[in-house]
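Participant: Contents of protein_13.cif (mmCIF, C-alpha atoms and all ligand atoms) are below:
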data_entry
#
loop_
_atom_site.label_atom_id
_atom_site.label_comp_id
_atom_site.auth_asym_id
_atom_site.auth_seq_id
_atom_site.Cartn_x
_atom_site.Cartn_y
_atom_site.Cartn_z
CA MET A 1 141.10 118.93 69.27
CA SER A 2 139.64 115.41 69.36
CA ASP A 3 142.85 114.07 67.77
CA TRP A 4 144.84 115.72 70.55
CA TRP A 5 142.73 113.95 73.18
CA ARG A 6 143.14 110.68 71.29
CA GLU A 7 146.90 111.22 71.22
CA ILE A 8 146.98 111.77 75.00
CA PHE A 9 145.04 108.60 75.78
CA ARG A 10 146.46 106.29 73.12
CA ASP A 11 148.71 103.27 73.81
CA ARG A 12 147.56 102.82 77.41
CA PRO A 13 145.04 100.39 79.01
CA TRP A 14 141.73 102.08 79.95
CA TRP A 15 142.24 101.63 83.69
CA MET A 16 145.67 103.31 83.46
CA ASN A 17 144.13 106.19 81.54
CA GLY A 18 141.60 106.45 84.37
CA VAL A 19 144.37 106.74 86.97
CA MET A 20 146.19 109.30 84.80
CA ALA A 21 143.02 111.39 84.43
CA PHE A 22 142.44 111.18 88.18
CA SER A 23 146.04 112.28 88.83
CA ALA A 24 145.56 115.23 86.46
CA TRP A 25 142.40 116.28 88.29
CA MET A 26 144.21 116.03 91.64
CA THR A 27 147.21 118.00 90.30
CA PHE A 28 145.42 120.83 88.55
CA VAL A 29 142.14 121.16 90.47
CA TYR A 30 141.85 119.41 93.81
CA MET A 31 145.33 119.88 95.34
CA PRO A 32 145.60 123.63 94.52
CA TRP A 33 142.15 124.08 96.12
CA ASP A 34 143.11 121.88 99.07
CA ILE A 35 146.36 123.77 99.70
CA PHE A 36 145.48 127.37 98.91
CA ILE A 37 141.74 127.71 99.55
CA LYS A 38 140.55 125.10 102.05
CA PRO A 39 140.69 126.48 105.65
CA THR A 40 143.57 124.99 107.65
CA ALA A 41 141.22 124.01 110.47
CA LEU A 42 139.27 121.73 108.12
CA ASP A 43 142.31 120.18 106.46
CA GLN A 44 143.10 116.46 106.71
CA GLU A 45 145.83 114.40 105.02
CA VAL A 46 146.27 110.64 105.26
CA TRP A 47 149.68 108.99 104.82
CA PHE A 48 150.07 105.26 105.55
CA GLY A 49 146.67 105.27 107.26
CA ILE A 50 147.66 107.98 109.73
CA VAL A 51 145.44 111.06 109.66
CA PHE A 52 147.14 114.45 109.95
CA THR A 53 145.14 117.63 110.62
CA GLY A 54 145.64 121.42 110.71
CA ALA A 55 149.07 122.83 109.80
CA TRP A 56 150.59 119.33 109.45
CA ALA A 57 147.92 118.47 106.92
CA LYS A 58 148.78 121.62 104.93
CA ILE A 59 152.50 120.81 104.98
CA LEU A 60 151.97 117.16 104.04
CA ALA A 61 149.68 118.15 101.17
CA PHE A 62 152.76 119.38 99.25
CA PRO A 63 154.35 115.92 98.84
CA HIS A 64 150.90 114.68 97.76
CA TRP A 65 150.73 117.43 95.14
CA PHE A 66 154.21 116.51 93.92
CA VAL A 67 153.30 112.81 93.73
CA TYR A 68 150.21 113.49 91.61
CA GLY A 69 152.10 115.93 89.36
CA ALA A 70 154.90 113.40 88.85
CA ALA A 71 152.27 110.75 88.09
CA VAL A 72 150.70 112.88 85.32
CA TYR A 73 154.15 113.32 83.77
CA GLY A 74 155.15 109.68 84.27
CA PHE A 75 151.94 108.24 82.77
CA ARG A 76 151.83 110.73 79.92
CA ARG A 77 155.47 110.27 78.92
CA ARG A 78 155.63 106.61 79.88
CA ARG A 79 158.70 107.10 82.01
CA PRO A 80 160.40 103.82 83.02
CA TRP A 81 160.29 104.68 86.75
CA MET A 82 156.51 105.09 86.66
CA GLY A 83 155.67 101.36 86.90
CA LEU A 84 157.47 100.95 90.23
CA ALA A 85 156.42 104.39 91.52
CA ALA A 86 152.72 103.68 90.83
CA THR A 87 152.98 100.23 92.45
CA LEU A 88 154.58 101.67 95.60
CA TYR A 89 152.22 104.62 95.87
CA VAL A 90 149.01 102.64 95.36
CA GLY A 91 150.42 99.94 97.66
CA GLN A 92 150.86 102.64 100.31
CA VAL A 93 147.23 103.70 99.80
CA ALA A 94 146.13 100.06 100.15
CA ILE A 95 148.02 99.78 103.47
CA GLY A 96 146.42 103.05 104.60
CA MET A 97 142.96 101.85 103.62
CA PHE A 98 143.53 98.69 105.60
CA ILE A 99 144.95 100.27 108.73
CA TRP A 100 142.63 103.24 109.00
CA PRO A 101 139.29 101.41 109.70
CA ILE A 102 141.00 99.10 112.20
CA LEU A 103 142.46 102.05 114.14
CA HIS A 104 139.19 103.94 113.85
CA TYR A 105 136.55 101.30 114.54
CA GLY A 106 138.52 98.40 116.06
CA SER A 107 136.75 95.04 116.58
CA LEU A 108 135.24 92.91 113.86
CA MET A 109 133.58 95.87 112.14
CA GLY A 110 136.96 97.58 111.66
CA TRP A 111 138.54 94.45 110.16
CA LEU A 112 135.59 93.93 107.83
CA LEU A 113 135.75 97.53 106.58
CA ALA A 114 139.53 97.24 106.25
CA PHE A 115 139.21 94.34 103.81
CA ILE A 116 136.43 96.04 101.82
CA ALA A 117 138.31 99.38 101.56
CA ALA A 118 141.73 97.90 100.79
CA THR A 119 140.72 95.26 98.21
CA PRO A 120 140.36 97.60 95.16
CA PHE A 121 143.71 99.21 95.95
CA ILE A 122 145.42 95.84 96.40
CA GLY A 123 144.01 94.95 92.96
CA LEU A 124 145.33 98.19 91.49
CA THR A 125 148.75 97.62 93.10
CA LEU A 126 148.97 94.18 91.49
CA ALA A 127 147.74 95.57 88.15
CA PHE A 128 150.49 98.22 88.13
CA TRP A 129 153.11 95.64 89.04
CA ASN A 130 151.96 93.34 86.24
CA ALA A 131 151.84 96.25 83.78
CA ARG A 132 155.30 97.60 84.64
CA ASP A 133 156.65 96.56 81.22
CA HIS A 134 154.25 99.05 79.65
CA PHE A 135 156.54 101.79 80.90
CA SER A 136 159.60 100.33 79.22
CA GLU A 137 157.88 99.54 75.93
CA GLY A 138 159.10 102.83 74.49
CA ARG A 139 162.59 101.56 75.26
CA ARG A 140 162.26 98.64 72.84
CA SER A 141 165.52 98.64 70.98
CA LEU A 142 165.84 101.20 68.19
CA GLN A 143 166.71 98.30 65.92
CA GLU A 144 163.31 96.69 66.64
CA ARG A 145 161.42 99.96 66.31
CA TYR A 146 163.06 101.41 63.20
CA GLY A 147 165.59 98.87 61.93
CA GLY A 148 168.03 99.31 59.09
CA TRP A 149 170.25 102.30 58.65
CA ALA A 150 170.49 105.79 60.13
CA LEU A 151 171.71 108.88 58.34
CA VAL A 152 173.38 111.18 60.86
CA THR A 153 174.27 114.66 59.62
CA GLY A 154 176.99 116.57 61.47
CA ALA A 155 178.55 113.26 62.55
CA SER A 156 182.16 114.45 62.52
CA ALA A 157 181.89 116.15 65.92
CA GLY A 158 179.81 116.83 69.02
CA ILE A 159 176.20 115.75 69.29
CA GLY A 160 176.10 114.06 65.86
CA GLU A 161 179.18 111.97 66.64
CA GLU A 162 177.52 110.82 69.86
CA PHE A 163 174.26 110.07 68.03
CA ALA A 164 176.23 107.80 65.70
CA ARG A 165 177.92 106.03 68.61
CA ALA A 166 174.62 105.52 70.46
CA LEU A 167 172.86 104.19 67.35
CA ALA A 168 175.72 101.86 66.47
CA ARG A 169 175.67 100.48 70.02
CA GLU A 170 172.06 99.48 69.29
CA GLY A 171 173.13 97.68 66.11
CA ILE A 172 171.94 100.35 63.67
CA HIS A 173 174.10 100.78 60.55
CA CYS A 174 175.28 104.36 60.19
CA ALA A 175 175.67 106.68 57.21
CA LEU A 176 177.87 109.50 58.54
CA LEU A 177 177.68 112.91 56.92
CA ALA A 178 179.72 116.11 57.38
CA ARG A 179 182.35 118.05 55.43
CA ARG A 180 185.47 116.65 57.15
CA ALA A 181 185.84 113.20 55.58
CA GLU A 182 188.89 112.20 57.64
CA LYS A 183 186.98 112.61 60.93
CA LEU A 184 184.08 110.58 59.54
CA GLU A 185 186.45 107.83 58.35
CA ALA A 186 187.96 107.54 61.83
CA LEU A 187 184.49 107.34 63.42
CA ALA A 188 183.33 104.78 60.83
CA GLU A 189 186.29 102.56 61.65
CA GLU A 190 185.58 102.85 65.37
CA LEU A 191 181.89 101.92 64.94
CA GLU A 192 182.65 98.95 62.70
CA THR A 193 185.32 97.62 65.06
CA LEU A 194 183.48 98.16 68.33
CA HIS A 195 179.90 97.40 67.29
CA GLY A 196 180.17 95.37 64.09
CA VAL A 197 177.80 97.66 62.17
CA GLU A 198 178.13 98.73 58.56
CA THR A 199 178.96 102.36 57.86
CA ARG A 200 179.05 104.74 54.93
CA VAL A 201 180.96 108.02 54.87
CA ILE A 202 179.37 110.93 53.02
CA ALA A 203 181.50 114.05 52.71
CA CYS A 204 179.03 116.74 51.79
CA ASP A 205 178.38 120.43 52.43
CA LEU A 206 174.71 120.74 53.36
CA ALA A 207 174.81 124.52 53.20
CA GLU A 208 175.38 124.38 49.45
CA ALA A 209 172.29 124.54 47.25
CA ASP A 210 172.58 120.96 46.00
CA GLY A 211 174.00 119.55 49.29
CA PRO A 212 170.79 117.91 50.55
CA GLU A 213 170.07 116.34 47.15
CA GLN A 214 173.61 114.93 47.02
CA ALA A 215 173.17 113.55 50.53
CA ALA A 216 169.81 111.96 49.66
CA ALA A 217 171.31 110.35 46.54
CA ALA A 218 174.18 108.94 48.62
CA VAL A 219 171.77 106.93 50.81
CA ALA A 220 169.13 106.13 48.17
CA ASP A 221 170.08 102.41 48.08
CA LEU A 222 170.01 101.96 51.88
CA ASP A 223 167.12 100.67 53.99
CA LEU A 224 166.93 103.92 55.93
CA GLY A 225 165.03 103.81 59.23
CA LEU A 226 166.30 106.94 60.97
CA LEU A 227 167.16 110.39 59.73
CA ILE A 228 169.06 112.51 62.25
CA ASN A 229 169.05 116.11 60.95
CA ASN A 230 171.69 117.36 63.31
CA ALA A 231 174.31 119.41 61.41
CA GLY A 232 174.07 123.04 62.43
CA VAL A 233 176.11 126.13 63.15
CA GLY A 234 175.67 129.30 65.19
CA GLY A 235 177.13 132.76 64.81
CA ALA A 236 177.45 135.00 67.85
CA GLY A 237 177.41 138.75 67.36
CA ARG A 238 175.33 141.79 66.55
CA PHE A 239 173.34 141.33 63.35
CA ASP A 240 175.14 144.11 61.43
CA LYS A 241 178.55 142.73 62.42
CA LEU A 242 177.95 139.28 60.96
CA GLY A 243 178.62 138.86 57.25
CA ILE A 244 175.67 138.06 55.03
CA HIS A 245 177.42 135.02 53.54
CA ARG A 246 177.78 133.49 56.99
CA LEU A 247 174.14 134.24 57.84
CA ARG A 248 172.96 132.73 54.58
CA GLN A 249 175.01 129.58 55.17
CA MET A 250 173.52 129.33 58.66
CA VAL A 251 169.96 129.55 57.37
CA ASN A 252 170.76 127.09 54.56
CA LEU A 253 172.27 124.55 56.94
CA ASN A 254 169.94 124.92 59.94
CA CYS A 255 166.65 125.36 58.05
CA LEU A 256 166.76 124.50 54.37
CA ALA A 257 168.89 121.34 54.74
CA PRO A 258 166.49 119.58 57.17
CA VAL A 259 163.54 120.57 54.96
CA ALA A 260 165.14 119.33 51.73
CA LEU A 261 166.70 116.19 53.22
CA THR A 262 163.53 115.19 55.07
CA HIS A 263 161.45 115.87 51.97
CA ALA A 264 163.73 113.70 49.84
CA LEU A 265 163.93 110.79 52.29
CA LEU A 266 160.42 110.77 53.74
CA PRO A 267 158.77 108.79 50.92
CA GLY A 268 161.17 105.91 51.60
CA LEU A 269 160.37 105.97 55.33
CA MET A 270 156.64 106.11 54.61
CA ALA A 271 156.88 103.20 52.20
CA ARG A 272 158.43 101.01 54.92
CA GLY A 273 155.70 102.12 57.37
CA ARG A 274 158.09 102.82 60.23
CA GLY A 275 160.92 105.20 60.83
CA ALA A 276 162.12 108.18 62.81
CA ILE A 277 163.19 111.72 62.06
CA VAL A 278 165.14 113.78 64.58
CA ILE A 279 165.85 117.48 64.10
CA THR A 280 168.36 119.05 66.44
CA GLY A 281 166.88 122.39 67.42
CA SER A 282 167.97 124.34 70.49
CA VAL A 283 166.57 126.12 73.54
CA ALA A 284 167.82 129.16 71.60
CA GLY A 285 164.68 128.75 69.50
CA ARG A 286 162.34 129.27 72.45
CA GLN A 287 162.66 133.04 72.70
CA PRO A 288 164.12 136.06 70.88
CA LEU A 289 167.89 135.91 71.23
CA PRO A 290 169.66 139.25 70.65
CA LEU A 291 173.31 138.80 69.64
CA HIS A 292 172.38 135.37 68.29
CA GLY A 293 169.22 136.47 66.50
CA VAL A 294 169.51 134.57 63.22
CA TYR A 295 170.66 131.39 64.96
CA GLY A 296 167.75 131.57 67.43
CA ALA A 297 165.34 132.15 64.55
CA THR A 298 166.65 129.12 62.65
CA LYS A 299 166.11 126.97 65.72
CA ALA A 300 162.58 128.34 66.22
CA PHE A 301 161.99 127.30 62.59
CA ASP A 302 163.29 123.79 63.36
CA LEU A 303 161.01 123.52 66.40
CA MET A 304 157.88 124.54 64.50
CA LEU A 305 158.77 122.30 61.55
CA GLY A 306 159.44 119.24 63.69
CA GLU A 307 156.39 119.64 65.95
CA SER A 308 154.18 119.99 62.87
CA LEU A 309 155.68 116.91 61.24
CA TYR A 310 155.17 114.96 64.49
CA VAL A 311 151.42 115.44 64.16
CA GLU A 312 151.35 114.94 60.37
CA LEU A 313 153.32 111.71 60.43
CA ARG A 314 152.22 110.13 63.72
CA ASP A 315 149.63 107.89 62.05
CA GLN A 316 152.06 106.89 59.27
CA GLY A 317 154.37 105.08 61.70
CA ILE A 318 157.01 107.83 61.58
CA ASP A 319 158.18 109.27 64.89
CA VAL A 320 159.45 112.85 64.75
CA LEU A 321 161.38 114.54 67.53
CA VAL A 322 162.93 117.98 67.91
CA LEU A 323 165.86 117.73 70.30
CA GLU A 324 166.46 121.05 72.07
CA PRO A 325 169.80 121.08 73.85
CA GLY A 326 171.02 123.95 75.97
CA SER A 327 174.74 124.72 76.08
CA THR A 328 176.58 121.49 75.32
CA VAL A 329 180.30 120.78 75.34
CA THR A 330 181.17 120.44 71.62
CA GLU A 331 182.99 122.45 68.94
CA PHE A 332 179.83 124.56 68.57
CA GLN A 333 180.86 127.49 70.79
CA GLU A 334 184.22 127.85 69.04
CA VAL A 335 182.67 127.66 65.58
CA ALA A 336 179.96 130.15 66.58
CA GLY A 337 182.60 132.55 67.92
CA GLU A 338 181.25 132.45 71.46
CA ILE A 339 183.24 132.90 74.65
CA GLN A 340 183.58 129.39 76.09
CA HIS A 341 181.02 128.54 78.74
CA HIS A 342 179.82 125.54 80.70
CA GLY A 343 177.56 122.97 79.08
CA GLN A 344 176.02 119.50 79.31
CA SER A 345 177.82 116.46 77.97
CA VAL A 346 176.85 115.08 74.55
CA VAL A 347 176.12 111.72 76.21
CA GLU A 348 173.38 113.27 78.38
CA VAL A 349 171.92 115.15 75.43
CA VAL A 350 171.74 112.14 73.12
CA GLU A 351 170.37 109.88 75.88
CA THR A 352 167.60 112.41 76.44
CA ALA A 353 166.78 112.46 72.73
CA LEU A 354 166.68 108.71 72.25
CA GLY A 355 164.64 108.31 75.43
CA ALA A 356 162.03 110.78 74.19
CA LEU A 357 161.88 109.58 70.58
CA GLY A 358 158.44 108.18 69.84
CA GLN A 359 156.99 109.62 73.06
CA GLN A 360 156.70 113.35 72.38
CA PRO A 361 157.25 115.94 69.64
CA SER A 362 160.11 117.82 71.28
CA VAL A 363 162.39 117.48 74.26
CA ILE A 364 164.61 119.95 76.09
CA SER A 365 167.73 118.35 77.45
CA GLY A 366 168.30 118.97 81.17
CA TRP A 367 165.74 120.10 83.70
CA MET A 368 167.49 123.44 84.33
CA ASN A 369 167.29 124.20 80.60
CA TRP A 370 163.63 123.13 80.65
CA LEU A 371 162.93 125.42 83.59
CA ARG A 372 164.72 128.39 82.01
CA ALA A 373 163.07 127.95 78.62
CA ASN A 374 159.60 127.54 80.05
CA ALA A 375 159.85 130.14 82.79
CA ALA A 376 161.09 132.65 80.25
CA SER A 377 158.47 132.07 77.58
CA ARG A 378 155.48 131.46 79.86
CA ILE A 379 155.98 133.92 82.69
CA GLY A 380 157.77 136.84 81.05
CA SER A 381 156.50 139.04 78.24
CA ARG A 382 158.36 138.60 74.94
CA PRO A 383 160.16 142.00 75.07
CA MET A 384 161.17 141.40 78.69
CA VAL A 385 162.55 137.98 77.81
CA ALA A 386 164.46 139.49 74.87
CA TYR A 387 166.20 142.00 77.16
CA VAL A 388 167.11 139.31 79.68
CA ALA A 389 168.36 137.07 76.86
CA ARG A 390 170.58 139.89 75.61
CA GLU A 391 172.20 140.17 79.05
CA VAL A 392 172.94 136.44 78.98
CA MET A 393 174.30 136.58 75.43
CA GLU A 394 176.51 139.58 76.22
CA VAL A 395 178.47 137.40 78.63
CA GLN A 396 179.00 134.82 75.89
CA THR A 397 179.81 137.21 73.02
CA PRO A 398 183.27 138.78 72.49
CA ALA A 399 183.28 142.54 73.14
CA ASP A 400 184.09 143.49 69.54
CA MET A 401 181.05 141.57 68.28
CA ARG A 402 178.49 143.10 70.67
N1 LIG B 1 176.64 122.67 71.43
C1 LIG B 1 175.65 123.42 71.83
O1 LIG B 1 175.77 124.19 72.81
C2 LIG B 1 174.31 123.33 71.15
C3 LIG B 1 173.20 123.82 71.83
C4 LIG B 1 171.96 123.74 71.22
C5 LIG B 1 171.85 123.18 69.96
N2 LIG B 1 172.95 122.71 69.32
C6 LIG B 1 172.76 122.15 67.97
O2 LIG B 1 173.29 120.85 67.93
C7 LIG B 1 173.65 120.53 66.59
C8 LIG B 1 175.02 119.89 66.59
O3 LIG B 1 175.94 120.85 67.06
P1 LIG B 1 177.19 120.46 67.95
O4 LIG B 1 177.01 121.11 69.25
O5 LIG B 1 177.44 119.01 67.92
O6 LIG B 1 178.30 121.28 67.16
P2 LIG B 1 179.67 120.83 66.49
O7 LIG B 1 180.48 120.04 67.45
O8 LIG B 1 180.25 122.09 65.93
O9 LIG B 1 179.19 119.88 65.30
C9 LIG B 1 178.56 120.39 64.18
C10 LIG B 1 178.52 119.33 63.11
O10 LIG B 1 177.89 119.86 61.96
C11 LIG B 1 178.75 119.66 60.84
N3 LIG B 1 178.59 120.72 59.87
C12 LIG B 1 178.83 122.04 60.04
N4 LIG B 1 178.61 122.70 58.89
C13 LIG B 1 178.24 121.79 57.98
C14 LIG B 1 177.87 121.85 56.62
N5 LIG B 1 177.88 123.01 55.96
N6 LIG B 1 177.53 120.72 55.98
C15 LIG B 1 177.54 119.53 56.61
N7 LIG B 1 177.87 119.41 57.93
C16 LIG B 1 178.22 120.52 58.59
C17 LIG B 1 180.15 119.66 61.42
O11 LIG B 1 181.05 118.92 60.63
P3 LIG B 1 182.07 119.52 59.57
O12 LIG B 1 182.65 120.76 60.15
O13 LIG B 1 183.04 118.41 59.39
O14 LIG B 1 181.26 119.77 58.34
C18 LIG B 1 179.91 118.90 62.71
O15 LIG B 1 179.92 117.52 62.48
C19 LIG B 1 173.55 121.81 65.81
O16 LIG B 1 172.36 121.80 65.04
C20 LIG B 1 173.49 122.89 66.86
O17 LIG B 1 172.77 124.01 66.42
C21 LIG B 1 174.17 122.78 69.87
#
Reformat the file's structure so that it appears as structure tokens.
Ligand SMILES: NC(=O)c1ccc[n+]([C@@H]2O[C@H](COP(=O)([O-])OP(=O)(O)OC[C@H]3O[C@@H](n4cnc5c(N)ncnc54)[C@H](OP(=O)(O)O)[C@@H]3O)[C@@H](O)[C@H]2O)c1
Facilitator:
Amino acid sequence: MSDWWREIFRDRPWWMNGVMAFSAWMTFVYMPWDIFIKPTALDQEVWFGIVFTGAWAKILAFPHWFVYGAAVYGFRRRRPWMGLAATLYVGQVAIGMFIWPILHYGSLMGWLLAFIAATPFIGLTLAFWNARDHFSEGRRSLQERYGGWALVTGASAGIGEEFARALAREGIHCALLARRAEKLEALAEELETLHGVETRVIACDLAEADGPEQAAAAVADLDLGLLINNAGVGGAGRFDKLGIHRLRQMVNLNCLAPVALTHALLPGLMARGRGAIVITGSVAGRQPLPLHGVYGATKAFDLMLGESLYVELRDQGIDVLVLEPGSTVTEFQEVAGEIQHHGQSVVEVVETALGALGQQPSVISGWMNWLRANAASRIGSRPMVAYVAREVMEVQTPADMR
């Protein structure tokens, strides 16, 4: 438990931790009490030094609640917008603190109190402005943070292909792995031409028993800084209608391959003292998923594995992230035998992953996906969620496979 607290408060100046803790208290204790329990007649809200009372105070408490909630998230996750948002908000409080005593008391007394009340907040406003780079530190280039080469599995299509493009744009050399060598060759040529990085093509079937070992041997001589365990397949349909070979291959690729590949390459990352491991999971792993049961289970496995490794390896300089996309426009749906449906773009998904890497153990791409995944698992009971999930999956699964 104490390590968890340390993790929450690490990498931030003490005064910023103080403001974050205050925001958390306001979000989870004070504002709910203020809004839902405090009598309306006693309510007061101050915005820009103007005091609102009664029903207006109740209404204007909601934006306050939102601001404090956003601050907890922004401080905790070091979001780039937080530096400016904190400066503006505390600046607004400073203006309020200055105006309020003058309006209230007038004369010399009011001015004196205005200076006394506003000074700490003016100081805090300046401190946030000066510390704004703290919120972009996590965005130091991937090259600076991890350096060297990346191994991207599943790089011949979809999310993996986009990972390779994004990493190459940052000057990271890319080892590209999948079964279709010709697609990898074309991507390698593109990355070398456009971004001047080195590439290596590794045609390998990770679902085969010795696939991960072959892959590890193929990058053994490289200064590997990032391992992107992304290759994966789904299989839509009722459990008894899916062949056992296909299910086995799915478990091999989605579960065993990341375990074996990470296990083989981790000593090298640990020896360099810095590196990153990404595992592409899925929101499918957040709840039981009838008609996609084995796939969902493999992605739950990936989530648990990655979140555990995040904690194990945090102090060794290795960042671990489980990326959990929702539906994404790739070859995945066709390969899984799903009826085509809408999805996010691979660019959005990969941007989300690289933005969260080093900041948190897992990230769900897209706020609607986040809402669905969390609402389902936290509000509903597990059997209820399973029945709702089946209804969703029925729409995406061909009739003969239901
Ligand atoms: N698209 C979605 O809606 C979605 C949603 C949530 C999670 N995900 C996850 O995102 C990851 C990437 O999927 P995607 O959407 O980008 O799908 P995709 O477009 O089908 O790409 C899958 C990649 O994995 C490779 N691959 C498949 N079987 C392989 C094997 N046996 N050995 C080595 N490589 C293999 C494929 O290349 P080859 O065929 O050339 O081998 C391809 O490069 C997967 O882990 C998937 O579960 C996808």
Participant: Could you work out how far atom O12 of ligand LIG 1 (chain B) lies from CA of Gly355 (chain A), giving the answer in Å with one decimal?
Facilitator: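 One can read the CA of Gly355 (chain A) to atom O12 of ligand LIG 1 (chain B) distance as 26.7 Å.
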Participant: Mind giving me the axis-aligned box for region 332-339 of chain A with 3 Å on every side, centre plus edges in Å to one decimal, as JSON?
Facilitator:
{"center_x": 182.0, "center_y": 128.7, "center_z": 70.1, "size_x": 10.4, "size_y": 14.3, "size_z": 15.1}
Participant: From the list A:Thr199, A:Ser23, A:Thr53, A:Thr87, which residue is nearest Ala70 (chain A) when using all atoms listed in the file?
Facilitator: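 Among the listed residues, the smallest separation from Ala70 (chain A) belongs to A:Ser23.
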Participant: Please identify the residues whose atoms come within 7 Å of ligand LIG 1 (chain B), using only C-alpha atoms and all ligand atoms, and report them as a PyMOL selection string.
Facilitator: chain A and resi 153-161+177-180+204-207+230-234+253-254+280-284+324-333+335+343
Participant: Please write the residues from the selection above to a file, keeping C-alpha atoms, as a PDB file, in the coordinates of the input.
Facilitator:
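Now in out_23.pdb:
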ATOM      1  CA  THR A 153     174.270 114.660  59.620  1.00  0.00           C
ATOM      2  CA  GLY A 154     176.990 116.570  61.470  1.00  0.00           C
ATOM      3  CA  ALA A 155     178.550 113.260  62.550  1.00  0.00           C
ATOM      4  CA  SER A 156     182.160 114.450  62.520  1.00  0.00           C
ATOM      5  CA  ALA A 157     181.890 116.150  65.920  1.00  0.00           C
ATOM      6  CA  GLY A 158     179.810 116.830  69.020  1.00  0.00           C
ATOM      7  CA  ILE A 159     176.200 115.750  69.290  1.00  0.00           C
ATOM      8  CA  GLY A 160     176.100 114.060  65.860  1.00  0.00           C
ATOM      9  CA  GLU A 161     179.180 111.970  66.640  1.00  0.00           C
ATOM     10  CA  LEU A 177     177.680 112.910  56.920  1.00  0.00           C
ATOM     11  CA  ALA A 178     179.720 116.110  57.380  1.00  0.00           C
ATOM     12  CA  ARG A 179     182.350 118.050  55.430  1.00  0.00           C
ATOM     13  CA  ARG A 180     185.470 116.650  57.150  1.00  0.00           C
ATOM     14  CA  CYS A 204     179.030 116.740  51.790  1.00  0.00           C
ATOM     15  CA  ASP A 205     178.380 120.430  52.430  1.00  0.00           C
ATOM     16  CA  LEU A 206     174.710 120.740  53.360  1.00  0.00           C
ATOM     17  CA  ALA A 207     174.810 124.520  53.200  1.00  0.00           C
ATOM     18  CA  ASN A 230     171.690 117.360  63.310  1.00  0.00           C
ATOM     19  CA  ALA A 231     174.310 119.410  61.410  1.00  0.00           C
ATOM     20  CA  GLY A 232     174.070 123.040  62.430  1.00  0.00           C
ATOM     21  CA  VAL A 233     176.110 126.130  63.150  1.00  0.00           C
ATOM     22  CA  GLY A 234     175.670 129.300  65.190  1.00  0.00           C
ATOM     23  CA  LEU A 253     172.270 124.550  56.940  1.00  0.00           C
ATOM     24  CA  ASN A 254     169.940 124.920  59.940  1.00  0.00           C
ATOM     25  CA  THR A 280     168.360 119.050  66.440  1.00  0.00           C
ATOM     26  CA  GLY A 281     166.880 122.390  67.420  1.00  0.00           C
ATOM     27  CA  SER A 282     167.970 124.340  70.490  1.00  0.00           C
ATOM     28  CA  VAL A 283     166.570 126.120  73.540  1.00  0.00           C
ATOM     29  CA  ALA A 284     167.820 129.160  71.600  1.00  0.00           C
ATOM     30  CA  GLU A 324     166.460 121.050  72.070  1.00  0.00           C
ATOM     31  CA  PRO A 325     169.800 121.080  73.850  1.00  0.00           C
ATOM     32  CA  GLY A 326     171.020 123.950  75.970  1.00  0.00           C
ATOM     33  CA  SER A 327     174.740 124.720  76.080  1.00  0.00           C
ATOM     34  CA  THR A 328     176.580 121.490  75.320  1.00  0.00           C
ATOM     35  CA  VAL A 329     180.300 120.780  75.340  1.00  0.00           C
ATOM     36  CA  THR A 330     181.170 120.440  71.620  1.00  0.00           C
ATOM     37  CA  GLU A 331     182.990 122.450  68.940  1.00  0.00           C
ATOM     38  CA  PHE A 332     179.830 124.560  68.570  1.00  0.00           C
ATOM     39  CA  GLN A 333     180.860 127.490  70.790  1.00  0.00           C
ATOM     40  CA  VAL A 335     182.670 127.660  65.580  1.00  0.00           C
ATOM     41  CA  GLY A 343     177.560 122.970  79.080  1.00  0.00           C
TER      42      GLY A 343
END
Participant: Using 9 Å as the limit and counting only C-alpha atoms, can you tabulate each residue of region 11-98 of chain A that touches region 127-135 of chain A, with its shortest atom-to-atom distance in Å and the two atoms involved, as JSON lines?
Facilitator:
{"residue": "A:Arg12", "atom": "CA", "partner": "A:His134", "partner_atom": "CA", "distance": 8.0}
{"residue": "A:Met16", "atom": "CA", "partner": "A:Phe128", "partner_atom": "CA", "distance": 8.4}
{"residue": "A:Gly74", "atom": "CA", "partner": "A:Phe135", "partner_atom": "CA", "distance": 8.7}
{"residue": "A:Phe75", "atom": "CA", "partner": "A:Phe135", "partner_atom": "CA", "distance": 8.1}
{"residue": "A:Arg77", "atom": "CA", "partner": "A:Phe135", "partner_atom": "CA", "distance": 8.8}
{"residue": "A:Arg78", "atom": "CA", "partner": "A:Phe135", "partner_atom": "CA", "distance": 5.0}
{"residue": "A:Arg79", "atom": "CA", "partner": "A:Phe135", "partner_atom": "CA", "distance": 5.8}
{"residue": "A:Pro80", "atom": "CA", "partner": "A:Phe135", "partner_atom": "CA", "distance": 4.8}
{"residue": "A:Trp81", "atom": "CA", "partner": "A:Phe135", "partner_atom": "CA", "distance": 7.5}
{"residue": "A:Met82", "atom": "CA", "partner": "A:Phe135", "partner_atom": "CA", "distance": 6.6}
{"residue": "A:Gly83", "atom": "CA", "partner": "A:Arg132", "partner_atom": "CA", "distance": 4.4}
{"residue": "A:Leu84", "atom": "CA", "partner": "A:Arg132", "partner_atom": "CA", "distance": 6.9}
{"residue": "A:Ala86", "atom": "CA", "partner": "A:Phe128", "partner_atom": "CA", "distance": 6.5}
{"residue": "A:Thr87", "atom": "CA", "partner": "A:Phe128", "partner_atom": "CA", "distance": 5.4}
{"residue": "A:Val90", "atom": "CA", "partner": "A:Phe128", "partner_atom": "CA", "distance": 8.6}
Participant: Within 9 Å of region 116-120 of chain A, counting only C-alpha atoms, which residues show up once you throw out same-chain ones fewer than 4 positions away? Write them as a list of chain:residue names, please.
Facilitator: A:Val93, A:Ala94, A:Ile95, A:Gly96, A:Met97, A:Phe98, A:Ile99, A:Pro101, A:Trp111, A:Leu112, A:Leu124, A:Thr125
